[in-house]
Amino acid sequence: MALAPRALLALLLVMAVVLELSYAAVYKVGDSAGWTTIGNVDYKQWSSTKTFEIGDVILFEYNAQYHNVMRVTHAMYKTCNATAPLATYTTGNDSITIKTRGHHLFFCGVAGHCQAGQKVDINVLYSPALAPTPAAAAFPSPSVPAVEATDPSPNNAASLKPSMALLQELGFAIFAFIVSSFV
């Protein structure tokens, strides 16, 4: 039984959304040390070894009795000024989905912690390798809402990206081919 063109199109749209959702990586800030002032974690070094992309989830795990997470501006980040953060997180298990390119700056707002190095710059660069192909660009993917992190192995997330990028690219190419055959 052949699918009607509209049913096939709906199925392909759902497939594209699933591919886009499955592509996000989860990064635990500080890896096994987490978000802390203990152990001299170098968060600048930690973030420099990662390739962050839109849709990735940044996970802050910490003891909420002693720490928090504040999203701040560049000027606030440079001076460790915690007087007017853009957002404050206090659960001890905070998942933040990256939705835009550029610098996403965070620090602990507890007195002295930022000055002691408990701050991180998550920089999301434009990645031409993940730019849509001309066929996929003709049929942009639908916008996908932010989702909570559920990946059980956040420290290995980056290793999944190349194969997921290929799978996503293939999905969009198939989608574009099938849609173009109905137009």
# chains A, B, ... in the order shown; residues from 1 in each chain; ligands from 1
>>> residues_around(residues="Asp42 in chain A", least_positions_apart="6", cutoff="10 Å", atoms="only C-alpha atoms", output="CSV table (one decimal) with C-alpha atoms, in the first residue's frame")
chain,number,residue,atom,x,y,z
A,30,GLY,CA,34.5,19.7,34.6
A,117,GLY,CA,38.6,30.0,38.7
A,118,GLN,CA,35.1,28.5,38.9
A,119,LYS,CA,34.0,30.1,35.6
A,120,VAL,CA,33.6,28.7,32.1
>>> atom_distance(atom1="CA of Leu86 in chain A", atom2="CA of Gly39 in chain A")
27.7 Å
>>> residues_around(residues="Met76 in chain A", least_positions_apart="4", cutoff="12 Å", atoms="only C-alpha atoms", output="list in words")
Met70, Arg71, Val72, Cys80, Asn81, Ala82, Thr83, Ala84, Pro85, Leu86, Leu105, Phe106, Phe107, Cys108, Gly109, Cys114, Gln115 and Lys119 of chain A
